[in-house]
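The file my_file.json comes next; it holds JSON, C-alpha atoms.
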[["chain", "number", "residue", "atom", "x", "y", "z"],
["R", 1, "MET", "CA", 66.28, 1.47, 297.15],
["R", 2, "GLN", "CA", 65.66, -0.13, 293.77],
["R", 3, "GLN", "CA", 68.64, -1.96, 292.29],
["R", 4, "LEU", "CA", 69.87, -0.94, 288.84],
["R", 5, "LYS", "CA", 70.61, -3.97, 286.66],
["R", 6, "ALA", "CA", 72.59, -3.51, 283.45],
["R", 7, "ARG", "CA", 74.40, -5.48, 280.76],
["R", 8, "ALA", "CA", 78.05, -4.92, 279.99],
["R", 9, "LEU", "CA", 78.34, -3.77, 276.37],
["R", 10, "SER", "CA", 82.08, -3.48, 275.88],
["R", 11, "ALA", "CA", 85.24, -3.17, 277.93],
["R", 12, "ASP", "CA", 88.87, -2.33, 277.51],
["R", 13, "ALA", "CA", 90.95, -5.51, 277.14],
["R", 14, "ASP", "CA", 93.20, -4.60, 280.08],
["R", 15, "PHE", "CA", 90.18, -4.00, 282.33],
["R", 16, "MET", "CA", 88.73, -7.41, 281.46],
["R", 17, "ALA", "CA", 92.07, -9.14, 281.96],
["R", 18, "ARG", "CA", 92.48, -7.61, 285.40],
["R", 19, "LEU", "CA", 88.98, -8.66, 286.41],
["R", 20, "GLY", "CA", 89.70, -12.19, 285.27],
["R", 21, "ARG", "CA", 92.82, -12.50, 287.41],
["R", 22, "GLY", "CA", 90.79, -12.37, 290.61],
["R", 23, "ASP", "CA", 93.24, -10.10, 292.49],
["R", 24, "PHE", "CA", 91.59, -6.83, 291.47],
["R", 25, "HIS", "CA", 90.46, -4.79, 294.49],
["R", 26, "LEU", "CA", 88.45, -1.70, 293.64],
["R", 27, "ASP", "CA", 86.89, 1.11, 295.67],
["R", 28, "VAL", "CA", 84.56, 3.87, 294.46],
["R", 29, "HIS", "CA", 86.58, 7.01, 293.74],
["R", 30, "SER", "CA", 83.91, 9.33, 292.32],
["R", 31, "ARG", "CA", 80.52, 9.31, 290.62],
["R", 32, "PHE", "CA", 79.09, 11.58, 287.95],
["R", 33, "SER", "CA", 75.92, 11.53, 285.88],
["R", 34, "ARG", "CA", 77.32, 9.06, 283.32],
["R", 35, "VAL", "CA", 80.56, 7.86, 284.91],
["R", 36, "ILE", "CA", 81.57, 5.92, 288.01],
["R", 37, "ASN", "CA", 85.30, 5.96, 288.68],
["R", 38, "LEU", "CA", 86.82, 3.07, 290.62],
["R", 39, "ARG", "CA", 90.26, 3.16, 292.25],
["R", 40, "CYS", "CA", 92.51, 0.10, 292.28],
["R", 41, "ARG", "CA", 93.97, -0.37, 295.75],
["R", 42, "GLU", "CA", 97.13, -2.01, 294.43],
["R", 43, "SER", "CA", 98.16, 0.51, 291.76],
["R", 44, "GLY", "CA", 96.12, 3.60, 292.62],
["R", 45, "HIS", "CA", 94.95, 3.70, 288.99],
["R", 46, "LEU", "CA", 91.38, 4.56, 288.06],
["R", 47, "TYR", "CA", 88.96, 2.34, 286.16],
["R", 48, "SER", "CA", 85.61, 3.61, 284.90],
["R", 49, "VAL", "CA", 82.10, 2.24, 284.47],
["R", 50, "VAL", "CA", 80.31, 4.44, 281.94],
["R", 51, "CYS", "CA", 76.85, 4.73, 280.39],
["R", 52, "SER", "CA", 76.03, 3.53, 276.90],
["R", 53, "SER", "CA", 76.11, 7.05, 275.41],
["R", 54, "LEU", "CA", 79.86, 7.36, 276.03],
["R", 55, "ASP", "CA", 82.49, 5.76, 273.83],
["R", 56, "ASP", "CA", 85.03, 3.09, 274.66],
["R", 57, "ALA", "CA", 88.22, 4.16, 276.39],
["R", 58, "PRO", "CA", 91.21, 2.76, 278.30],
["R", 59, "ASN", "CA", 90.37, 1.19, 281.68],
["R", 60, "THR", "CA", 86.68, 1.52, 280.85],
["R", 61, "LEU", "CA", 83.59, -0.70, 281.00],
["R", 62, "ARG", "CA", 80.54, 0.47, 279.02],
["R", 63, "ILE", "CA", 77.15, -0.73, 280.23],
["R", 64, "SER", "CA", 73.54, -0.50, 279.06],
["R", 65, "ALA", "CA", 72.50, 2.05, 281.72],
["R", 66, "THR", "CA", 71.71, 5.58, 280.52],
["R", 67, "GLU", "CA", 72.59, 7.54, 283.69],
["R", 68, "PHE", "CA", 73.68, 7.15, 287.30],
["R", 69, "ASP", "CA", 71.95, 10.19, 288.84],
["R", 70, "GLU", "CA", 69.79, 8.11, 291.18],
["R", 71, "LEU", "CA", 72.51, 5.62, 292.07],
["R", 72, "VAL", "CA", 73.86, 5.79, 295.61],
["R", 73, "VAL", "CA", 77.54, 4.83, 295.70],
["R", 74, "ASP", "CA", 80.40, 6.25, 297.73],
["R", 75, "GLY", "CA", 83.79, 5.36, 299.19],
["R", 76, "ASN", "CA", 82.20, 2.79, 301.48],
["R", 77, "THR", "CA", 80.44, 0.89, 298.68],
["R", 78, "LYS", "CA", 81.66, -2.70, 298.44],
["R", 79, "LEU", "CA", 82.47, -4.24, 295.06],
["R", 80, "HIS", "CA", 82.25, -7.92, 294.21],
["R", 81, "TYR", "CA", 82.97, -9.86, 291.01],
["R", 82, "ASP", "CA", 82.21, -13.57, 290.70],
["R", 83, "GLY", "CA", 83.36, -14.13, 287.12],
["R", 84, "GLU", "CA", 80.05, -13.17, 285.51],
["R", 85, "VAL", "CA", 78.53, -10.35, 287.54],
["R", 86, "LEU", "CA", 80.13, -7.17, 288.89],
["R", 87, "GLN", "CA", 78.23, -5.88, 291.92],
["R", 88, "LEU", "CA", 78.61, -2.32, 293.23],
["R", 89, "GLY", "CA", 77.04, -2.45, 296.66],
["R", 90, "ASP", "CA", 73.28, -2.96, 296.63],
["R", 91, "GLY", "CA", 72.73, -0.36, 293.92],
["R", 92, "LEU", "CA", 74.23, -1.66, 290.69],
["R", 93, "GLU", "CA", 74.53, -5.14, 289.21],
["R", 94, "ILE", "CA", 76.37, -5.58, 285.90],
["R", 95, "ASP", "CA", 76.10, -8.79, 283.89],
["R", 96, "LEU", "CA", 79.38, -9.31, 281.97],
["R", 97, "ALA", "CA", 78.36, -12.54, 280.22],
["R", 98, "SER", "CA", 78.05, -10.98, 276.75],
["R", 99, "CYS", "CA", 80.62, -8.20, 277.13],
["R", 100, "ARG", "CA", 82.59, -7.40, 273.97],
["R", 101, "VAL", "CA", 86.31, -6.70, 274.33],
["R", 102, "TRP", "CA", 87.28, -3.33, 272.87],
["R", 103, "LEU", "CA", 90.58, -2.94, 271.06],
["R", 104, "PRO", "CA", 91.59, 0.40, 269.48],
["R", 105, "PRO", "CA", 92.49, 0.40, 265.76],
["R", 106, "PRO", "CA", 96.19, 0.03, 264.88],
["R", 107, "LEU", "CA", 97.76, 3.30, 263.78],
["R", 108, "LEU", "CA", 100.87, 4.15, 261.75],
["R", 109, "PHE", "CA", 102.20, 7.69, 261.39],
["R", 110, "ARG", "CA", 102.65, 9.18, 257.95],
["R", 111, "ALA", "CA", 103.82, 12.72, 257.30],
["R", 112, "LEU", "CA", 101.07, 14.72, 255.63],
["R", 113, "THR", "CA", 101.39, 17.06, 252.70],
["R", 114, "SER", "CA", 100.99, 20.75, 253.55],
["R", 115, "ASP", "CA", 97.73, 20.98, 251.58],
["R", 116, "TYR", "CA", 96.26, 17.92, 253.29],
["R", 117, "LEU", "CA", 97.29, 19.17, 256.71],
["R", 118, "GLN", "CA", 95.72, 22.57, 256.04],
["R", 119, "ILE", "CA", 92.42, 20.90, 255.15],
["R", 120, "ILE", "CA", 92.49, 18.94, 258.42],
["R", 121, "LYS", "CA", 93.30, 22.07, 260.42],
["R", 122, "SER", "CA", 90.50, 24.05, 258.72],
["R", 123, "GLU", "CA", 87.95, 21.30, 259.42],
["R", 124, "ILE", "CA", 88.97, 21.19, 263.08],
["R", 125, "ASP", "CA", 88.79, 24.98, 263.38],
["R", 126, "ASP", "CA", 85.34, 25.01, 261.78],
["R", 127, "GLU", "CA", 83.97, 22.39, 264.18],
["R", 128, "ILE", "CA", 85.39, 24.15, 267.25],
["R", 129, "THR", "CA", 83.90, 27.46, 266.08],
["R", 130, "SER", "CA", 80.52, 25.86, 265.38],
["R", 131, "ILE", "CA", 80.02, 24.80, 269.02],
["R", 132, "ASN", "CA", 81.25, 28.14, 270.39],
["R", 133, "SER", "CA", 83.76, 26.40, 272.65],
["R", 134, "ILE", "CA", 85.26, 28.37, 275.55],
["R", 135, "SER", "CA", 88.66, 26.77, 275.01],
["R", 136, "LEU", "CA", 91.33, 28.81, 276.77],
["R", 137, "PHE", "CA", 93.65, 28.10, 273.85],
["R", 138, "ARG", "CA", 91.34, 30.28, 271.76],
["R", 139, "TYR", "CA", 89.98, 32.65, 274.38],
["R", 140, "ASP", "CA", 89.05, 36.17, 273.18],
["R", 141, "GLY", "CA", 86.71, 37.29, 275.98],
["R", 142, "ASN", "CA", 87.03, 40.00, 278.62],
["R", 143, "ASN", "CA", 87.69, 37.87, 281.71],
["R", 144, "VAL", "CA", 91.16, 38.97, 282.85],
["R", 145, "PHE", "CA", 91.81, 35.72, 284.71],
["R", 146, "TYR", "CA", 91.03, 33.69, 281.58],
["R", 147, "GLN", "CA", 93.14, 36.05, 279.47],
["R", 148, "VAL", "CA", 96.21, 35.50, 281.64],
["R", 149, "MET", "CA", 95.65, 31.74, 281.76],
["R", 150, "SER", "CA", 95.19, 31.64, 277.98],
["R", 151, "GLN", "CA", 98.50, 33.42, 277.48],
["R", 152, "GLN", "CA", 100.24, 30.96, 279.81],
["R", 153, "LEU", "CA", 98.76, 28.02, 277.93],
["R", 154, "LEU", "CA", 99.80, 29.36, 274.56],
["R", 155, "ARG", "CA", 103.32, 30.20, 275.69],
["R", 156, "GLY", "CA", 103.72, 26.86, 277.44],
["R", 157, "SER", "CA", 102.49, 24.81, 274.49],
["R", 158, "GLU", "CA", 104.66, 26.76, 272.04],
["R", 159, "ARG", "CA", 107.69, 26.28, 274.28],
["R", 160, "LEU", "CA", 107.01, 22.55, 274.55],
["R", 161, "ILE", "CA", 106.80, 22.14, 270.78],
["R", 162, "ASP", "CA", 109.92, 24.28, 270.32],
["R", 163, "GLY", "CA", 111.76, 22.05, 272.79],
["R", 164, "MET", "CA", 110.95, 19.02, 270.65],
["R", 165, "ARG", "CA", 111.86, 20.81, 267.43],
["R", 166, "THR", "CA", 115.27, 21.73, 268.84],
["R", 167, "ALA", "CA", 115.79, 18.46, 270.74],
["R", 168, "ASN", "CA", 116.13, 20.25, 274.09],
["R", 169, "PRO", "CA", 115.07, 17.98, 276.99],
["R", 170, "ALA", "CA", 115.46, 20.75, 279.59],
["R", 171, "VAL", "CA", 112.97, 22.97, 277.73],
["R", 172, "ILE", "CA", 110.58, 20.05, 277.24],
["R", 173, "ARG", "CA", 110.70, 19.19, 280.94],
["R", 174, "ASP", "CA", 110.16, 22.78, 282.06],
["R", 175, "ALA", "CA", 107.31, 23.42, 279.61],
["R", 176, "LEU", "CA", 105.54, 20.24, 280.69],
["R", 177, "LYS", "CA", 105.67, 21.28, 284.35],
["R", 178, "GLY", "CA", 104.04, 24.57, 283.44],
["R", 179, "LEU", "CA", 101.23, 22.96, 281.44],
["R", 180, "LEU", "CA", 100.28, 20.18, 283.87],
["R", 181, "GLY", "CA", 97.13, 21.11, 285.76],
["R", 182, "LEU", "CA", 96.94, 24.53, 284.11],
["R", 183, "GLY", "CA", 93.38, 25.60, 283.34],
["R", 184, "ILE", "CA", 89.88, 25.11, 284.66],
["R", 185, "GLY", "CA", 87.46, 22.21, 284.93],
["R", 186, "LEU", "CA", 87.77, 18.55, 285.85],
["R", 187, "THR", "CA", 90.45, 18.03, 283.20],
["R", 188, "PRO", "CA", 92.39, 21.32, 282.89],
["R", 189, "SER", "CA", 93.15, 22.77, 279.46],
["R", 190, "GLY", "CA", 96.89, 22.11, 279.69],
["R", 191, "ASP", "CA", 96.26, 18.44, 280.43],
["R", 192, "ASP", "CA", 93.74, 18.13, 277.60],
["R", 193, "PHE", "CA", 96.22, 19.67, 275.17],
["R", 194, "LEU", "CA", 98.84, 17.15, 276.29],
["R", 195, "VAL", "CA", 96.38, 14.26, 275.86],
["R", 196, "GLY", "CA", 95.82, 15.31, 272.25],
["R", 197, "LEU", "CA", 99.51, 15.90, 271.59],
["R", 198, "CYS", "CA", 100.62, 12.60, 273.15],
["R", 199, "SER", "CA", 97.95, 10.64, 271.29],
["R", 200, "VAL", "CA", 99.70, 11.72, 268.07],
["R", 201, "LEU", "CA", 103.28, 11.37, 269.34],
["R", 202, "ALA", "CA", 102.47, 7.81, 270.49],
["R", 203, "VAL", "CA", 101.59, 6.73, 266.95],
["R", 204, "PRO", "CA", 104.43, 4.44, 265.78],
["R", 205, "GLN", "CA", 107.03, 6.18, 263.56],
["R", 206, "HIS", "CA", 106.09, 9.70, 264.60],
["R", 207, "PRO", "CA", 109.48, 11.46, 264.60],
["R", 208, "ALA", "CA", 108.87, 12.86, 268.12],
["R", 209, "HIS", "CA", 107.95, 9.42, 269.48],
["R", 210, "VAL", "CA", 111.37, 9.36, 271.20],
["R", 211, "TYR", "CA", 110.26, 12.04, 273.69],
["R", 212, "LEU", "CA", 107.45, 9.96, 275.19],
["R", 213, "PRO", "CA", 109.62, 8.35, 277.93],
["R", 214, "LEU", "CA", 110.68, 11.83, 279.07],
["R", 215, "ILE", "CA", 107.07, 13.07, 278.98],
["R", 216, "ALA", "CA", 105.90, 10.06, 281.00],
["R", 217, "GLN", "CA", 108.69, 10.58, 283.52],
["R", 218, "VAL", "CA", 107.70, 14.22, 284.08],
["R", 219, "ILE", "CA", 103.98, 13.42, 284.33],
["R", 220, "ARG", "CA", 104.62, 10.76, 286.98],
["R", 221, "ALA", "CA", 107.01, 12.97, 288.95],
["R", 222, "GLU", "CA", 104.64, 15.96, 288.80],
["R", 223, "GLU", "CA", 101.40, 14.05, 289.40],
["R", 224, "TYR", "CA", 100.51, 16.37, 292.29],
["R", 225, "ARG", "CA", 100.01, 19.26, 289.85],
["R", 226, "THR", "CA", 96.70, 17.84, 288.60],
["R", 227, "ASN", "CA", 93.86, 15.56, 289.72],
["R", 228, "LYS", "CA", 93.69, 11.77, 289.50],
["R", 229, "ILE", "CA", 91.15, 11.66, 286.65],
["R", 230, "SER", "CA", 93.22, 13.95, 284.46],
["R", 231, "TYR", "CA", 96.45, 12.19, 285.44],
["R", 232, "MET", "CA", 95.08, 8.84, 284.28],
["R", 233, "ALA", "CA", 94.09, 10.28, 280.89],
["R", 234, "LEU", "CA", 97.63, 11.65, 280.49],
["R", 235, "ILE", "CA", 99.39, 8.41, 281.45],
["R", 236, "LYS", "CA", 97.23, 6.41, 279.05],
["R", 237, "ALA", "CA", 97.73, 8.91, 276.21],
["R", 238, "VAL", "CA", 101.51, 8.59, 276.57],
["R", 239, "GLN", "CA", 101.02, 4.84, 276.11],
["R", 240, "GLY", "CA", 99.00, 5.49, 272.95],
["R", 241, "LYS", "CA", 95.72, 4.59, 274.66],
["R", 242, "THR", "CA", 92.93, 7.13, 274.25],
["R", 243, "ARG", "CA", 89.17, 7.30, 273.85],
["R", 244, "ALA", "CA", 87.72, 5.49, 270.84],
["R", 245, "CYS", "CA", 86.63, 8.73, 269.16],
["R", 246, "ILE", "CA", 90.19, 10.09, 269.29],
["R", 247, "GLY", "CA", 91.62, 6.90, 267.84],
["R", 248, "ALA", "CA", 88.99, 6.90, 265.09],
["R", 249, "LEU", "CA", 89.89, 10.49, 264.16],
["R", 250, "LEU", "CA", 93.61, 9.71, 263.98],
["R", 251, "ALA", "CA", 92.95, 6.60, 261.88],
["R", 252, "THR", "CA", 90.86, 8.69, 259.48],
["R", 253, "ILE", "CA", 93.60, 11.33, 259.21],
["R", 254, "PHE", "CA", 96.50, 8.93, 258.61],
["R", 255, "ASN", "CA", 94.46, 6.75, 256.22],
["R", 256, "GLY", "CA", 93.63, 9.79, 254.10],
["R", 257, "GLU", "CA", 89.86, 9.40, 254.48],
["R", 258, "LEU", "CA", 88.89, 13.05, 253.98],
["R", 259, "ALA", "CA", 85.27, 12.23, 253.22],
["R", 260, "SER", "CA", 84.82, 11.05, 256.82],
["R", 261, "ILE", "CA", 86.89, 13.70, 258.57],
["R", 262, "LYS", "CA", 84.03, 15.95, 259.67],
["R", 263, "GLU", "CA", 82.01, 13.17, 261.29],
["R", 264, "ARG", "CA", 85.17, 11.97, 263.11],
["R", 265, "ILE", "CA", 85.95, 15.43, 264.50],
["R", 266, "LYS", "CA", 82.46, 16.00, 265.93],
["R", 267, "PRO", "CA", 82.58, 13.39, 268.76],
["R", 268, "VAL", "CA", 85.98, 14.68, 269.86],
["R", 269, "VAL", "CA", 85.02, 18.34, 269.90],
["R", 270, "ASN", "CA", 81.96, 17.45, 271.99],
["R", 271, "ILE", "CA", 84.02, 15.96, 274.85],
["R", 272, "GLY", "CA", 83.19, 18.05, 277.92],
["R", 273, "SER", "CA", 82.60, 21.79, 277.68],
["R", 274, "SER", "CA", 86.06, 22.68, 276.35],
["R", 275, "SER", "CA", 88.12, 19.49, 276.69],
["R", 276, "GLY", "CA", 87.42, 18.39, 273.12],
["R", 277, "ALA", "CA", 88.62, 21.68, 271.65],
["R", 278, "ASP", "CA", 91.77, 21.59, 273.79],
["R", 279, "ILE", "CA", 92.46, 17.96, 272.82],
["R", 280, "LEU", "CA", 92.07, 18.91, 269.15],
["R", 281, "SER", "CA", 94.56, 21.77, 269.65],
["R", 282, "GLY", "CA", 97.04, 19.18, 270.91],
["R", 283, "ILE", "CA", 96.32, 16.84, 268.00],
["R", 284, "THR", "CA", 96.89, 19.67, 265.51],
["R", 285, "ALA", "CA", 100.17, 20.57, 267.22],
["R", 286, "GLY", "CA", 101.30, 16.93, 267.03],
["R", 287, "LEU", "CA", 100.52, 16.70, 263.33],
["R", 288, "LEU", "CA", 102.35, 19.95, 262.57],
["R", 289, "LEU", "CA", 105.35, 18.83, 264.63],
["R", 290, "GLY", "CA", 105.49, 15.55, 262.74],
["R", 291, "ASN", "CA", 105.63, 17.35, 259.42],
["R", 292, "HIS", "CA", 108.25, 19.79, 260.68],
["R", 293, "LEU", "CA", 110.55, 17.02, 261.91],
["R", 294, "GLY", "CA", 109.94, 14.97, 258.78],
["R", 295, "SER", "CA", 109.32, 11.29, 258.16],
["R", 296, "GLN", "CA", 110.05, 8.72, 255.52],
["R", 297, "HIS", "CA", 106.29, 8.03, 255.29],
["R", 298, "VAL", "CA", 104.56, 10.71, 253.22],
["R", 299, "ALA", "CA", 100.82, 10.56, 252.49]]

File written out as C-alpha cells:
Amino acid sequence: MQQLKARALSADADFMARLGRGDFHLDVHSRFSRVINLRCRESGHLYSVVCSSLDDAPNTLRISATEFDELVVDGNTKLHYDGEVLQLGDGLEIDLASCRVWLPPPLLFRALTSDYLQIIKSEIDDEITSINSISLFRYDGNNVFYQVMSQQLLRGSERLIDGMRTANPAVIRDALKGLLGLGIGLTPSGDDFLVGLCSVLAVPQHPAHVYLPLIAQVIRAEEYRTNKISYMALIKAVQGKTRACIGALLATIFNGELASIKERIKPVVNIGSSSGADILSGITAGLLLGNHLGSQHVA
C-alpha cells in the first residue's frame, strides 16, 4: 500500500493546542471521501482531518490531500504525533511544520432594520432555490414520509422560537427534544437548523444569548437522539464555534456588507445535500428572533 503524504494547511487553535500537550489519544471514528473523523478517548469528542477543498472548522485540521477514497483506515489504525508529524497508521503522514492556526472572525450582534433583513432573507431564499435543495423545511413533494417530517420540523422550530419570544424554558426544552435528530442524512435537518440558529444566538449581545446554557444542557442530556458527528456540530455551535463559511456569512451580515452577501451565502448553501439550506433556515430564524426581541445595537 502506497503511503499518502500531505502538508497541514490550517488547523483550529484548540486542536493544535491539544496536540501540543502530548496527552491527546485519538482513534479513528469514521472515514468519508474528504473527511476522517477521530475520537478522543478522554472526552469522547470528535476531531476531523479534512481535504483542502473543505473550509476551516472547530476541531478540524485541513491538509493538502484532495480525497481519502483510497486510504485504508479503521478503528484499529494507530495514531502517532511526534511534535511535527501526525501519522495515521501506515497510510497517512501529515507534516504540521508549516500549519497555520485558524481563528474565526470576532462577531458582534446588531439588530437589523426590517428592510435590510428582508434583503438578506430574499438572497438566502434565492440561493436555496437555485440549487433545488431538498430541505425538509421547504419540502413540497409527494413523499408522504417527508411531508409528515417536514410538518414536524416546521412546528418544532416555530415552537422553539415562540418559547424564546415568550421566555418559556419549558417550551424551549420540549421543542429542542423534538428537533434533535429529526430528519434524514448524516446530520438530520432538525440538528442543522439548530446549528444555524445557535450560531446566531451565540453572537455576543444577541438578546436570546441567555438561552444558550439551557440549549446546551438539553443537547448534552439528549445526546442519544442523534449521532456523534451531528452532536459535535451542535455543541460547538452553542459555543459560537462553527465552520468558517458560516462565520464569514454572519460577519458579512452584521457588518452591513451587502455587496458580498451572495458570495458568502453560496458556500453555506452548498454544505451537504440539504444541510446548508437547513442551516440557513436556522440563521434566518435567529436573525428574525433578534429583531423581535430588540437590541440597543441597530444597524

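The gap separating CA of Gly272 (chain R) from CA of Ala244 (chain R) is 15.1 Å, in Å to one decimal.
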
- Message: Around the point (82.7, -9.8, 283.4) (coordinates from the file), which residues reach within 10 Å if we count only C-alpha atoms? Answer as a PyMOL selection string.
- Response: chain R and resi 7-8+10-11+15-17+19-20+61+81-86+94-100

- Message: Just checking: using all atoms listed in the file, which residue out of R:Ala221, R:Arg165, R:Tyr116, R:Ser273 ends up closest to Pro188 (chain R)?
- Response: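 Among R:Ala221, R:Arg165, R:Tyr116, R:Ser273, it is R:Ser273 that comes nearest to Pro188 (chain R).
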
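Nearest to Leu197 (chain R) of all the residues R:Ala111, R:Ser281, R:Arg173, R:Val144 is R:Ser281, counting only C-alpha atoms.
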
- Message: I'd like the neighbourhood of Arg31 (chain R) as a list in words, where a residue qualifies if any of its atoms comes within 9 Å (using all atoms listed in the file), though same-chain residues fewer than 4 positions away should be ignored.
- Response: Val35, Ile36, Asn37, Leu38, Phe68, Asp69, Leu71, Val73 and Asp74 of chain R
